[in-house]
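The next block holds one structure in the form of structure tokens; read it before the comments.
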Amino acid sequence: MQKERTLQLFNQFLHAHGLNYTVHYYHVFINPDQQIFGHMPDNHRLNFVSATHLIKNISNVPNFFPHNHLVKALMDRHIKQSQYEKPIQLSFEECRKGILCECGLYFLQKQTLRKITCLCGKTYSVDEVMERAVKEISLFFNDKPLTVRQIHLWSDGLLHKKTISRYLDRNFTKHNETKGRFYTCN
């Protein structure tokens, strides 16, 4: 069904653009490790080796007619971004706060001043948690500047503001000494 539908749609495309070409359709499997069993020669299926052989043979045939109209029609209809791909718009305020464990199932919880754990049993140091928080924030909200308040809110109060400030001072470049201070990567 896919073969018939694709051939039909491509012929409609050619007709709509006033192009008169004869089309030979082949379903090409480009994975060299894949084997195709039980196909008949009239199915127009090619594996990797057969496809490279066919392309080599076609390339040796002299081309007397430029296909500028076909190239222009295909380039005009080229879709750069799929209509089904929608960029995800995240809002800092709407996201659930907390730092996810590596297991991806639970949020981290404070056990002692220097020990942070997960329900799965994994234990983290404060620096590891800070690193995870900074990575998550820069991944999801890379357009916002990195601030102590932002990390404190993101960690859901798991980390103290002083601890966050010391970590950022040590590992990032500080901008503004007073109000409105933010950090960027070194």
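To be explicit about the labels: the chains of the structure tokens are called A, B, and onward in the order shown, and within each one the residues are counted from 1, while ligands get numbers from 1 in the order they are shown.
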
Contacts of Glu136 in chain A at 10 Å or less, counting only C-alpha atoms, minus same-chain residues fewer than 5 places along, as an mmCIF file with C-alpha atoms, in the first residue's frame?
```cif
data_model
loop_
_atom_site.group_PDB
_atom_site.id
_atom_site.type_symbol
_atom_site.label_atom_id
_atom_site.label_comp_id
_atom_site.auth_asym_id
_atom_site.auth_seq_id
_atom_site.Cartn_x
_atom_site.Cartn_y
_atom_site.Cartn_z
ATOM 1 C CA ILE A 99 15.787 18.159 41.086
ATOM 2 C CA LEU A 100 15.326 14.761 39.475
ATOM 3 C CA MET A 130 24.187 21.851 42.249
ATOM 4 C CA GLU A 131 25.627 20.556 38.987
ATOM 5 C CA PHE A 141 15.518 27.793 30.255
ATOM 6 C CA ASN A 142 18.723 28.713 28.425
ATOM 7 C CA ILE A 151 18.320 27.787 41.433
ATOM 8 C CA TRP A 154 14.183 25.195 41.109
#
```

What are the DSSP alpha helix (DSSP H) residues of range 1-175 of chain A, as a count of residues only?
70

Between CA of Asp169 in chain A and CA of Val129 in chain A, what is the distance, to one decimal in Å?
15.9 Å

Taking only range 32-144 of chain A into account, list the residues labelled strand (DSSP E) by DSSP (computed from the backbone), as a list in words.
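Those in range 32-144 of chain A that DSSP calls strand (DSSP E) are Arg45, Leu46, Gln109, Lys110, Ile116, Thr117, Thr123 and Tyr124 of chain A.
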
Quick one: of A:Ser82, A:Asp127, A:Ser138, A:Lys144, who's nearest to Asn171 in chain A, counting only C-alpha atoms?
A:Asp127

All residues 7 Å or closer to Pro32 in chain A, only C-alpha atoms, same chain fewer than 2 positions away omitted, as a ChimeraX atom specification
/A:30,34,48

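Distance check against Cys103 in chain A using only C-alpha atoms: of A:His17, A:His175, A:His152, A:Lys122, the minimum falls on A:Lys122.
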
Please provide the set of residues having any atom within 12 Å of Asp143 in chain A, restricted to only C-alpha atoms, with same-chain residues fewer than 4 positions apart removed, written as a PyMOL selection string.
chain A and resi 89-92+137-139+184

Dump N, CA and C atoms for the selected residues as a PDB file, in the first residue's frame?
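The result, written out as result.pdb:
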```pdb
ATOM      1  N   GLN A  89       7.018  24.998  24.723  1.00  0.00           N
ATOM      2  CA  GLN A  89       7.135  26.258  25.448  1.00  0.00           C
ATOM      3  C   GLN A  89       6.987  25.969  26.936  1.00  0.00           C
ATOM      4  N   LEU A  90       8.096  26.102  27.665  1.00  0.00           N
ATOM      5  CA  LEU A  90       8.068  25.864  29.105  1.00  0.00           C
ATOM      6  C   LEU A  90       8.078  27.190  29.849  1.00  0.00           C
ATOM      7  N   SER A  91       7.313  27.246  30.875  1.00  0.00           N
ATOM      8  CA  SER A  91       7.300  28.410  31.751  1.00  0.00           C
ATOM      9  C   SER A  91       7.886  27.990  33.091  1.00  0.00           C
ATOM     10  N   PHE A  92       8.814  28.777  33.602  1.00  0.00           N
ATOM     11  CA  PHE A  92       9.463  28.455  34.876  1.00  0.00           C
ATOM     12  C   PHE A  92       8.437  28.326  35.986  1.00  0.00           C
ATOM     13  N   ILE A 137      18.374  23.637  34.571  1.00  0.00           N
ATOM     14  CA  ILE A 137      17.916  25.000  34.295  1.00  0.00           C
ATOM     15  C   ILE A 137      18.440  25.495  32.954  1.00  0.00           C
ATOM     16  N   SER A 138      19.733  25.248  32.684  1.00  0.00           N
ATOM     17  CA  SER A 138      20.281  25.730  31.417  1.00  0.00           C
ATOM     18  C   SER A 138      19.720  24.944  30.230  1.00  0.00           C
ATOM     19  N   LEU A 139      19.301  23.704  30.455  1.00  0.00           N
ATOM     20  CA  LEU A 139      18.694  22.916  29.386  1.00  0.00           C
ATOM     21  C   LEU A 139      17.285  23.416  29.064  1.00  0.00           C
ATOM     22  N   THR A 184      27.240  33.528  34.315  1.00  0.00           N
ATOM     23  CA  THR A 184      27.376  32.892  33.006  1.00  0.00           C
ATOM     24  C   THR A 184      28.526  31.885  33.073  1.00  0.00           C
TER      25      THR A 184
END
```

Near Asn11 in chain A, within 12 Å and counting only C-alpha atoms, which residues show up once chain neighbours fewer than 6 positions away are dropped, as a PDB file with N, CA and C atoms, in the first residue's frame?
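Ended up saving to out38.pdb:
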```pdb
ATOM      1  N   GLU A   4       2.220   1.909  -3.540  1.00  0.00           N
ATOM      2  CA  GLU A   4       1.208   2.455  -4.443  1.00  0.00           C
ATOM      3  C   GLU A   4       0.868   3.896  -4.087  1.00  0.00           C
ATOM      4  N   ARG A   5       0.740   4.171  -2.812  1.00  0.00           N
ATOM      5  CA  ARG A   5       0.375   5.522  -2.361  1.00  0.00           C
ATOM      6  C   ARG A   5       1.489   6.525  -2.679  1.00  0.00           C
ATOM      7  N   HIS A  17       2.793  20.179 -11.372  1.00  0.00           N
ATOM      8  CA  HIS A  17       3.842  21.116 -11.764  1.00  0.00           C
ATOM      9  C   HIS A  17       4.147  21.066 -13.261  1.00  0.00           C
ATOM     10  N   GLY A  18       3.300  20.376 -14.007  1.00  0.00           N
ATOM     11  CA  GLY A  18       3.454  20.337 -15.458  1.00  0.00           C
ATOM     12  C   GLY A  18       4.685  19.564 -15.911  1.00  0.00           C
ATOM     13  N   LEU A  19       5.105  18.582 -15.160  1.00  0.00           N
ATOM     14  CA  LEU A  19       6.292  17.795 -15.506  1.00  0.00           C
ATOM     15  C   LEU A  19       5.849  16.417 -15.997  1.00  0.00           C
ATOM     16  N   ASN A  20       6.450  15.957 -17.078  1.00  0.00           N
ATOM     17  CA  ASN A  20       6.081  14.679 -17.664  1.00  0.00           C
ATOM     18  C   ASN A  20       7.265  13.727 -17.567  1.00  0.00           C
ATOM     19  N   TYR A  21       7.301  12.945 -16.516  1.00  0.00           N
ATOM     20  CA  TYR A  21       8.370  11.977 -16.293  1.00  0.00           C
ATOM     21  C   TYR A  21       7.772  10.591 -16.093  1.00  0.00           C
ATOM     22  N   THR A  22       8.521   9.589 -16.482  1.00  0.00           N
ATOM     23  CA  THR A  22       8.161   8.212 -16.169  1.00  0.00           C
ATOM     24  C   THR A  22       8.865   7.865 -14.855  1.00  0.00           C
ATOM     25  N   VAL A  23       8.094   7.337 -13.910  1.00  0.00           N
ATOM     26  CA  VAL A  23       8.638   7.083 -12.582  1.00  0.00           C
ATOM     27  C   VAL A  23       8.755   5.573 -12.360  1.00  0.00           C
ATOM     28  N   HIS A  24       9.917   5.136 -11.909  1.00  0.00           N
ATOM     29  CA  HIS A  24      10.146   3.765 -11.492  1.00  0.00           C
ATOM     30  C   HIS A  24      10.395   3.793  -9.993  1.00  0.00           C
ATOM     31  N   TYR A  25       9.488   3.178  -9.244  1.00  0.00           N
ATOM     32  CA  TYR A  25       9.536   3.249  -7.789  1.00  0.00           C
ATOM     33  C   TYR A  25      10.253   2.032  -7.225  1.00  0.00           C
TER      34      TYR A  25
END
```

Rank nothing, just name the residue among A:Ala73, A:Leu46, A:Val134, A:Tyr84 nearest to Phe10 in chain A, using only C-alpha atoms.
A:Ala73

Residues near Gly121 in chain A, cut-off 12 Å, only C-alpha atoms, skip fewer than 3 positions along chain, as a PyMOL selection string
chain A and resi 101-103+105-109+111+115-118+124

Next, the residues of the selection above should be written as a tab-separated table (two decimals), in the first residue's frame with N, CA, C and O atoms.
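The resulting file, again-v3.tsv, is shown below:
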```
chain	number	residue	atom	x	y	z
A	101	CYS	N	16.41	12.76	40.21
A	101	CYS	CA	17.51	11.81	40.36
A	101	CYS	C	17.89	11.28	38.98
A	101	CYS	O	17.13	11.41	38.02
A	102	GLU	N	19.05	10.66	38.88
A	102	GLU	CA	19.48	10.05	37.62
A	102	GLU	C	18.52	8.95	37.18
A	102	GLU	O	18.40	8.69	35.99
A	103	CYS	N	17.85	8.30	38.13
A	103	CYS	CA	16.91	7.24	37.78
A	103	CYS	C	15.71	7.80	37.02
A	103	CYS	O	15.03	7.08	36.31
A	105	LEU	N	12.91	8.86	38.20
A	105	LEU	CA	11.61	8.53	38.80
A	105	LEU	C	11.25	9.42	39.98
A	105	LEU	O	10.08	9.70	40.20
A	106	TYR	N	12.25	9.85	40.74
A	106	TYR	CA	11.98	10.55	42.00
A	106	TYR	C	12.76	11.86	42.06
A	106	TYR	O	13.81	12.02	41.45
A	107	PHE	N	12.21	12.79	42.85
A	107	PHE	CA	12.92	14.03	43.14
A	107	PHE	C	13.84	13.80	44.34
A	107	PHE	O	13.54	12.98	45.21
A	108	LEU	N	14.95	14.52	44.37
A	108	LEU	CA	15.92	14.37	45.46
A	108	LEU	C	15.36	14.95	46.75
A	108	LEU	O	14.60	15.91	46.74
A	109	GLN	N	15.80	14.36	47.87
A	109	GLN	CA	15.35	14.79	49.19
A	109	GLN	C	16.56	15.00	50.07
A	109	GLN	O	17.55	14.27	49.98
A	111	GLN	N	18.70	14.71	53.34
A	111	GLN	CA	18.78	13.80	54.48
A	111	GLN	C	19.56	14.47	55.61
A	111	GLN	O	19.13	14.47	56.75
A	115	LYS	N	24.31	15.60	52.78
A	115	LYS	CA	23.90	14.36	52.12
A	115	LYS	C	22.48	14.51	51.57
A	115	LYS	O	21.55	14.80	52.32
A	116	ILE	N	22.35	14.29	50.26
A	116	ILE	CA	21.05	14.38	49.60
A	116	ILE	C	20.80	13.04	48.94
A	116	ILE	O	21.66	12.51	48.24
A	117	THR	N	19.62	12.48	49.16
A	117	THR	CA	19.34	11.13	48.67
A	117	THR	C	18.09	11.11	47.80
A	117	THR	O	17.33	12.07	47.74
A	118	CYS	N	17.91	9.95	47.20
A	118	CYS	CA	16.73	9.69	46.38
A	118	CYS	C	16.05	8.45	46.97
A	118	CYS	O	16.69	7.64	47.64
A	124	TYR	N	23.83	11.70	46.83
A	124	TYR	CA	24.53	12.76	46.11
A	124	TYR	C	25.21	13.70	47.09
A	124	TYR	O	24.70	13.95	48.18
```

If we count only C-alpha atoms and set the cut-off at 7 Å, which residues sit around Leu146 in chain A, ignoring sequence neighbours fewer than 3 positions away in its own chain? Please answer as a PyMOL selection string.
chain A and resi 150+182-184

Residue subset to file, keeping N, CA and C atoms, as a tab-separated table (two decimals), in the first residue's frame:
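Below is the file that was written, result_22.tsv:
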```
chain	number	residue	atom	x	y	z
A	150	GLN	N	16.85	31.76	41.24
A	150	GLN	CA	16.30	30.81	40.28
A	150	GLN	C	16.65	29.37	40.66
A	182	PHE	N	23.80	37.99	38.21
A	182	PHE	CA	23.57	36.74	37.47
A	182	PHE	C	24.90	36.16	37.07
A	183	TYR	N	24.88	34.92	36.64
A	183	TYR	CA	26.11	34.18	36.34
A	183	TYR	C	26.06	33.62	34.92
A	184	THR	N	27.24	33.53	34.31
A	184	THR	CA	27.38	32.89	33.01
A	184	THR	C	28.53	31.89	33.07
```

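The interatomic distance for the pair CA of Arg45 in chain A and CA of Val28 in chain A works out to 5.9 Å.
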